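Below is one structure, written out as structure tokens; comments come after it.
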Amino acid sequence: MNQTVKHILIVDDAATVRMYHRAILEEAGYAVTEAVNGVEALEKALDKAGAYDLYLVDVNMPQLDGFGFLRALRAQDGPQAPAIMVSTEAEDGDRRQAFGAGANHYLVKPARPQQLLRSVGLLLGERGERA
Amino acid sequence: MPLIRHEPAVLADRPRASDDLAALSAGLSALAPAERRAAAHALGAWAQSAPALLGALDKETEQSVRSALLGALARVGSEEAVAGLADCLRSEDAWLRNAAIEELRAMPEQVAGVIAHLLADWDRDVRILAVGILDTLRHERVEEWLLQLIDADADVNVCGAALDVLAEVATARAEAPVAALLERFADEPYIAFTGKLVLGRLAREL
Amino acid sequence: MQDATISADDFQRFREYFYRRSGIQFEPSKRYFVDKRLAERIRATGCNGFRDYFAKLRFETSGAEWQALVNEMTVNETYFMREDYQFECLIQSMLPELMAHKRPGEPLRIWVMPSSSGEEAYTIAMFLLERWPHLAERDVEIVSSDIDTRILAQAQAGLYSQRAVHQLPASWLQKYFTREAGGWRICKMLRDAVAFTRVNLNDAAEVAAYRGFDVVFCRNLLIYFDDASRRQAAESFFDVLRPGGFICLGHSESMSRISSLFRIRKFPQAIVYQKPLEGL
């Protein structure tokens with residue numbers, strides 16, 4: 001059975017949050033690239049079409065926030081990878097706003113490893129959960 | 001000859017520096033964004049222009065002008081300007097909040113006067129943004145402020161934000177407060193991860 | 001107590017900091033490269049080991065060490081054809097778009113800053129002469145500026161070492177340069193084609209004289225600046241450009257560490273930044 005490694009772009013201005021998410025995802029067998037804000041994320045996403053299978057996006061970032069990034073991303077032509085938005089906000093309104101901007105899932109910070117992996121697994125259409 | 005060169009190079013006239021504060025302030029409502037930017041920029045050299053700049057910031061919708069207004073406020077650097085920038089942390093506008101933080105990060109002496117207040121704000125989002133100012137602030141008390149914060153703050157994301165900065169700036173004095181924080185939030189994997197990282201870096205230095 | 005060693009943790013902390021500030025990521029394979037240069041900076045600053053040095057880098061109010069550090073960590077050489085994929089992008093992607101919006105008779109204006117010893121500006125001129133089919137139809141002004149008058153004089157004189165010309169196609173070297181005792185002299189036609197001017201990018205009043213440019217090349221300069229100066233420079237460039245104009249940074253530089261005023265444009269040859277067309 002051939003399984004290509006899925007590549008996830010982690011977008012967050014906090015270094016330790018990126019490290020934390022990276023540790024969880026790499027342990028589960030995913031490849032990870034980082035970006036510190038929406039501008040860098042957009043540059044990376046545009047640079048190589050289809051480079052990423054999934055985006056993990058923080059809301060609150062300088063220059064271009066998570067909403068701005070997703071909207072710019074979704075405005076591009078071509079097939080689109082799914083996105084998980086991560087936010088400190090837990091209200092329904094925030095959730096709706098995230099989906100409106102183009103997020104597929106929404107997690108409240110700080111995300112727990114199981115929640116994150118479950119979301120990733122579901123969005124990447126993987127059977128079962130990776131431990 | 002298609003590659004042409006004018007001697008001297010064709011440059012615009014250098015704008016004459018205006019000595020009329022009122023005229024400059026009026027320029028903040030000019031029709032063309034370029035004029036408003038120029039007015040904002042010029043006002044950055046005037047110590048008393050904070051009210052005009054803040055007033056314009058309230059109404060301005062053009063991003064490039066808002067940037068210029070914030071930059072001008074930072075150059076003015078008066079108490080009123082700093083208070084105005086700090087107030088932006090409460091704005092509904094995410095871009096404005098973060099852009100104001102970027103300016104404040106470069107103003108260590110002035111920020112020292114307002115940071116304690118911001119770190120104790122009732123709104124945890126303001127507290128998180130205030131920690132964001134500390135993240136690159138060049139002030140010797142950054143660690144002290146962060147340690148005070150994690151001692152007292154009940155919010156997991158505020159403490160997480162503080163730990164993120166401590167990962168870069170923590171010294172030996174952070175050991176006990178961070179260890180205490182780890183115990184308080186024993187159930188939070190992110191806090192456990194980052195706290196352990198901070199302590200690990202300290203241990204290897206000692 | 002002086003400790004010259006840089007631990008794995010030190011390396012990690014340093015690379016996080018450097019990545020945050022510059023966008024340049026040092027992979028673990030670059031460990032030796034980084035350690036060696038860090039050790040040099042620790043020595044040069046008289047610091048007591050990494051921790052002491054990092055505190056200086058992080059907290060010193062002048063921020064002067066950052067410049068020295070970047071200088072140490074990046075390749076600073078200038079030479080003809082450096083990062084020429086951006087010039088390819090100019091010819092193949094940027095110019096066609098710009099021309100679509102130009103009125104007849106309106107010149108194309110390009111600003112190259114810093115000029116350093118002129119290699120970049122002259123390379124652009126050669127690209128236009130050799131590779132742009134529409135040059136005959138359009139006047140082009142190339143202005144190149146620097147804060148250092150000595151280097152401007154050097155650029156004006158146009159005399160170059162073998163090293164500076166080593167990436168040039170042989171035919172271009174043949175066509176545009178003459179071998180002299182001191183090196184390679186670029187031809188008078190090209191020396192007359194570029195206007196070299198002195199400007200201090202951090203002086204907004206000086207930069208205010210530069211307006212109506214279609215393309216700005218500002219490569220490997222802003223990375224040396226502190227955050228506030230970078231932001232101000234980007235805002236200055238915003239005013240320098242016409243709506244729809246482009247700005248190119250160095251290949252390891254990004255607007256992500258600087259400003260969100262510009263639109264990211266992905267072309268086949270490069271990612272560049274554009275002042276929105278609607279802006280004025």
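Residues in the structure tokens are named by chain (A, B, ... in the order shown) and by number from 1 within that chain; ligands are numbered from 1 in the order shown.
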
Review point. Near Ala47 (chain B), within 9 Å and counting only C-alpha atoms, which residues show up once chain neighbours fewer than 2 positions away are dropped, as a PyMOL selection string?
Key: chain B and resi 43-45+49-50+75-78

Residues of chain B that approach chain A to 7 Å or less, counting only C-alpha atoms: could you list each one with the shortest pair of atoms and its distance in Å to one decimal, rows by chain and increasing residue number, as a Markdown table?
| residue | atom | partner | partner_atom | distance |
| --- | --- | --- | --- | --- |
| B:Asn98 | CA | A:Pro62 | CA | 5.2 |
| B:Ala99 | CA | A:Pro62 | CA | 6.9 |
| B:Asn157 | CA | A:Pro110 | CA | 6.9 |
| B:Asp164 | CA | A:Thr16 | CA | 5.6 |
| B:Pro189 | CA | A:Arg112 | CA | 6.3 |
| B:Tyr190 | CA | A:Pro110 | CA | 6.3 |
| B:Phe193 | CA | A:Tyr20 | CA | 6.8 |
| B:Thr194 | CA | A:Thr16 | CA | 6.4 |

Review point. Quick one, how far is CA of Trp111 (chain C) from CA of Thr197 (chain C)?
Key: 10.4 Å

Point to revise | Val194 (chain C) environment, 10 Å, only C-alpha atoms, sequence neighbours closer than 3 positions dropped, as a list in words | key: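 Final neighbour list, sorted by chain and number: Leu3, Ile4, Arg5, His6 and Ala9 of chain B; Ile110, Trp111, Val112, Gly118, Ala121, Tyr122, Ile124, Ala125, Val140, Glu141, Ile142, Val143, Ser144, Ala155, Gln156, Met189, Leu190, Arg191 and Thr197 of chain C.
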
Please, could you write that set of residues out with N, CA and C atoms as a short mmCIF file (atom, residue, chain, number, x, y, z; two decimals), in the first residue's frame?
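Saved to out_16.cif:
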data_model
loop_
_atom_site.label_atom_id
_atom_site.label_comp_id
_atom_site.auth_asym_id
_atom_site.auth_seq_id
_atom_site.Cartn_x
_atom_site.Cartn_y
_atom_site.Cartn_z
N LEU B 3 17.15 53.96 -23.97
CA LEU B 3 17.57 54.03 -22.56
C LEU B 3 18.03 55.46 -22.31
N ILE B 4 17.18 56.21 -21.70
CA ILE B 4 17.49 57.63 -21.59
C ILE B 4 17.86 58.00 -20.17
N ARG B 5 18.59 59.04 -20.08
CA ARG B 5 18.97 59.48 -18.75
C ARG B 5 18.92 61.00 -18.75
N HIS B 6 18.24 61.51 -17.78
CA HIS B 6 18.21 62.95 -17.68
C HIS B 6 19.25 63.41 -16.68
N ALA B 9 18.82 63.43 -12.76
CA ALA B 9 17.68 62.51 -12.88
C ALA B 9 16.38 63.27 -12.65
N ILE C 110 12.48 52.86 -13.77
CA ILE C 110 12.93 51.79 -12.87
C ILE C 110 13.90 52.38 -11.84
N TRP C 111 13.70 52.04 -10.57
CA TRP C 111 14.59 52.52 -9.52
C TRP C 111 15.30 51.34 -8.88
N VAL C 112 16.60 51.40 -8.85
CA VAL C 112 17.39 50.32 -8.27
C VAL C 112 18.12 50.88 -7.06
N GLY C 118 26.88 49.33 -8.88
CA GLY C 118 26.20 49.48 -10.17
C GLY C 118 25.86 48.21 -10.92
N ALA C 121 21.96 47.68 -11.63
CA ALA C 121 21.35 48.61 -12.59
C ALA C 121 21.85 48.34 -14.01
N TYR C 122 23.13 48.13 -14.15
CA TYR C 122 23.68 47.86 -15.48
C TYR C 122 23.17 46.54 -16.03
N ILE C 124 20.25 45.25 -15.45
CA ILE C 124 18.89 45.52 -15.91
C ILE C 124 18.92 46.19 -17.28
N ALA C 125 19.83 47.15 -17.43
CA ALA C 125 19.96 47.83 -18.72
C ALA C 125 20.29 46.83 -19.82
N VAL C 140 13.04 54.37 -21.57
CA VAL C 140 13.23 53.77 -20.25
C VAL C 140 14.22 54.60 -19.46
N GLU C 141 13.85 54.96 -18.26
CA GLU C 141 14.76 55.65 -17.35
C GLU C 141 15.14 54.71 -16.23
N ILE C 142 16.44 54.53 -16.07
CA ILE C 142 16.91 53.73 -14.94
C ILE C 142 17.65 54.65 -13.99
N VAL C 143 17.16 54.74 -12.77
CA VAL C 143 17.81 55.53 -11.74
C VAL C 143 18.29 54.55 -10.68
N SER C 144 19.51 54.75 -10.21
CA SER C 144 20.05 53.86 -9.19
C SER C 144 20.69 54.68 -8.09
N ALA C 155 30.33 53.18 -9.26
CA ALA C 155 29.31 52.72 -10.20
C ALA C 155 29.36 53.53 -11.49
N GLN C 156 29.51 54.82 -11.31
CA GLN C 156 29.59 55.73 -12.46
C GLN C 156 30.79 55.40 -13.33
N MET C 189 27.95 53.86 -23.46
CA MET C 189 26.52 53.89 -23.72
C MET C 189 25.75 53.48 -22.48
N LEU C 190 26.21 52.42 -21.80
CA LEU C 190 25.53 51.98 -20.59
C LEU C 190 25.82 52.90 -19.40
N ARG C 191 27.04 53.39 -19.33
CA ARG C 191 27.35 54.33 -18.25
C ARG C 191 26.49 55.58 -18.37
N THR C 197 22.28 58.42 -8.26
CA THR C 197 22.01 59.53 -7.37
C THR C 197 22.22 59.12 -5.92
#

Practice item. Kindly provide, as an MDAnalysis selection string, the residues of chain C having any atom no farther than 6 Å from an atom of chain B, counting only C-alpha atoms. Key: chainID C and resid 59 61 136 139:141 193 195 209:210 280

For the interface of chain A with chain C (cut-off 8 Å, counting only C-alpha atoms), please tabulate each contacting residue of chain A alongside its nearest pair of atoms and their separation in Å to one decimal, rows sorted by chain and increasing number, as JSON lines.
{"residue": "A:Ala15", "atom": "CA", "partner": "C:Glu16", "partner_atom": "CA", "distance": 7.0}
{"residue": "A:Val36", "atom": "CA", "partner": "C:Arg20", "partner_atom": "CA", "distance": 7.2}
{"residue": "A:Asn37", "atom": "CA", "partner": "C:Ser256", "partner_atom": "CA", "distance": 6.9}
{"residue": "A:Gly38", "atom": "CA", "partner": "C:Ser256", "partner_atom": "CA", "distance": 7.7}
{"residue": "A:Val39", "atom": "CA", "partner": "C:Ser256", "partner_atom": "CA", "distance": 4.9}
{"residue": "A:Glu40", "atom": "CA", "partner": "C:Ser256", "partner_atom": "CA", "distance": 5.2}
{"residue": "A:Leu42", "atom": "CA", "partner": "C:Ile264", "partner_atom": "CA", "distance": 7.9}
{"residue": "A:Glu43", "atom": "CA", "partner": "C:Ile264", "partner_atom": "CA", "distance": 7.1}
{"residue": "A:Leu46", "atom": "CA", "partner": "C:Lys266", "partner_atom": "CA", "distance": 6.4}
{"residue": "A:Asp47", "atom": "CA", "partner": "C:Lys266", "partner_atom": "CA", "distance": 6.7}
{"residue": "A:Gln63", "atom": "CA", "partner": "C:Ser260", "partner_atom": "CA", "distance": 5.0}
{"residue": "A:Leu64", "atom": "CA", "partner": "C:Ser260", "partner_atom": "CA", "distance": 6.7}

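Taking CA of Tyr32 (chain C) and CA of Arg219 (chain C) as endpoints, the distance between them is 26.5 Å.
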
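Between Asp239 (chain C) and the residues C:Met73, C:Ile223, C:Val216, C:Leu128, the shortest atom-to-atom distance, using only C-alpha atoms, involves C:Val216.
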
Check your understanding: Near Phe185 (chain B), counting only C-alpha atoms, which residues have an atom at most 10 Å away, once you skip same-chain residues fewer than 4 positions from it, shown as a list in words?
Key -> Ala154, Asp155, Val156, Cys159, Ala180, Leu181, Pro189, Tyr190, Ile191, Ala192 and Gly195 of chain B

**Study point:** Non-local contacts of Leu56 (chain A) (7 Å; only C-alpha atoms; under 4 positions in same chain excluded) as a count of residues only
**Key:** 6
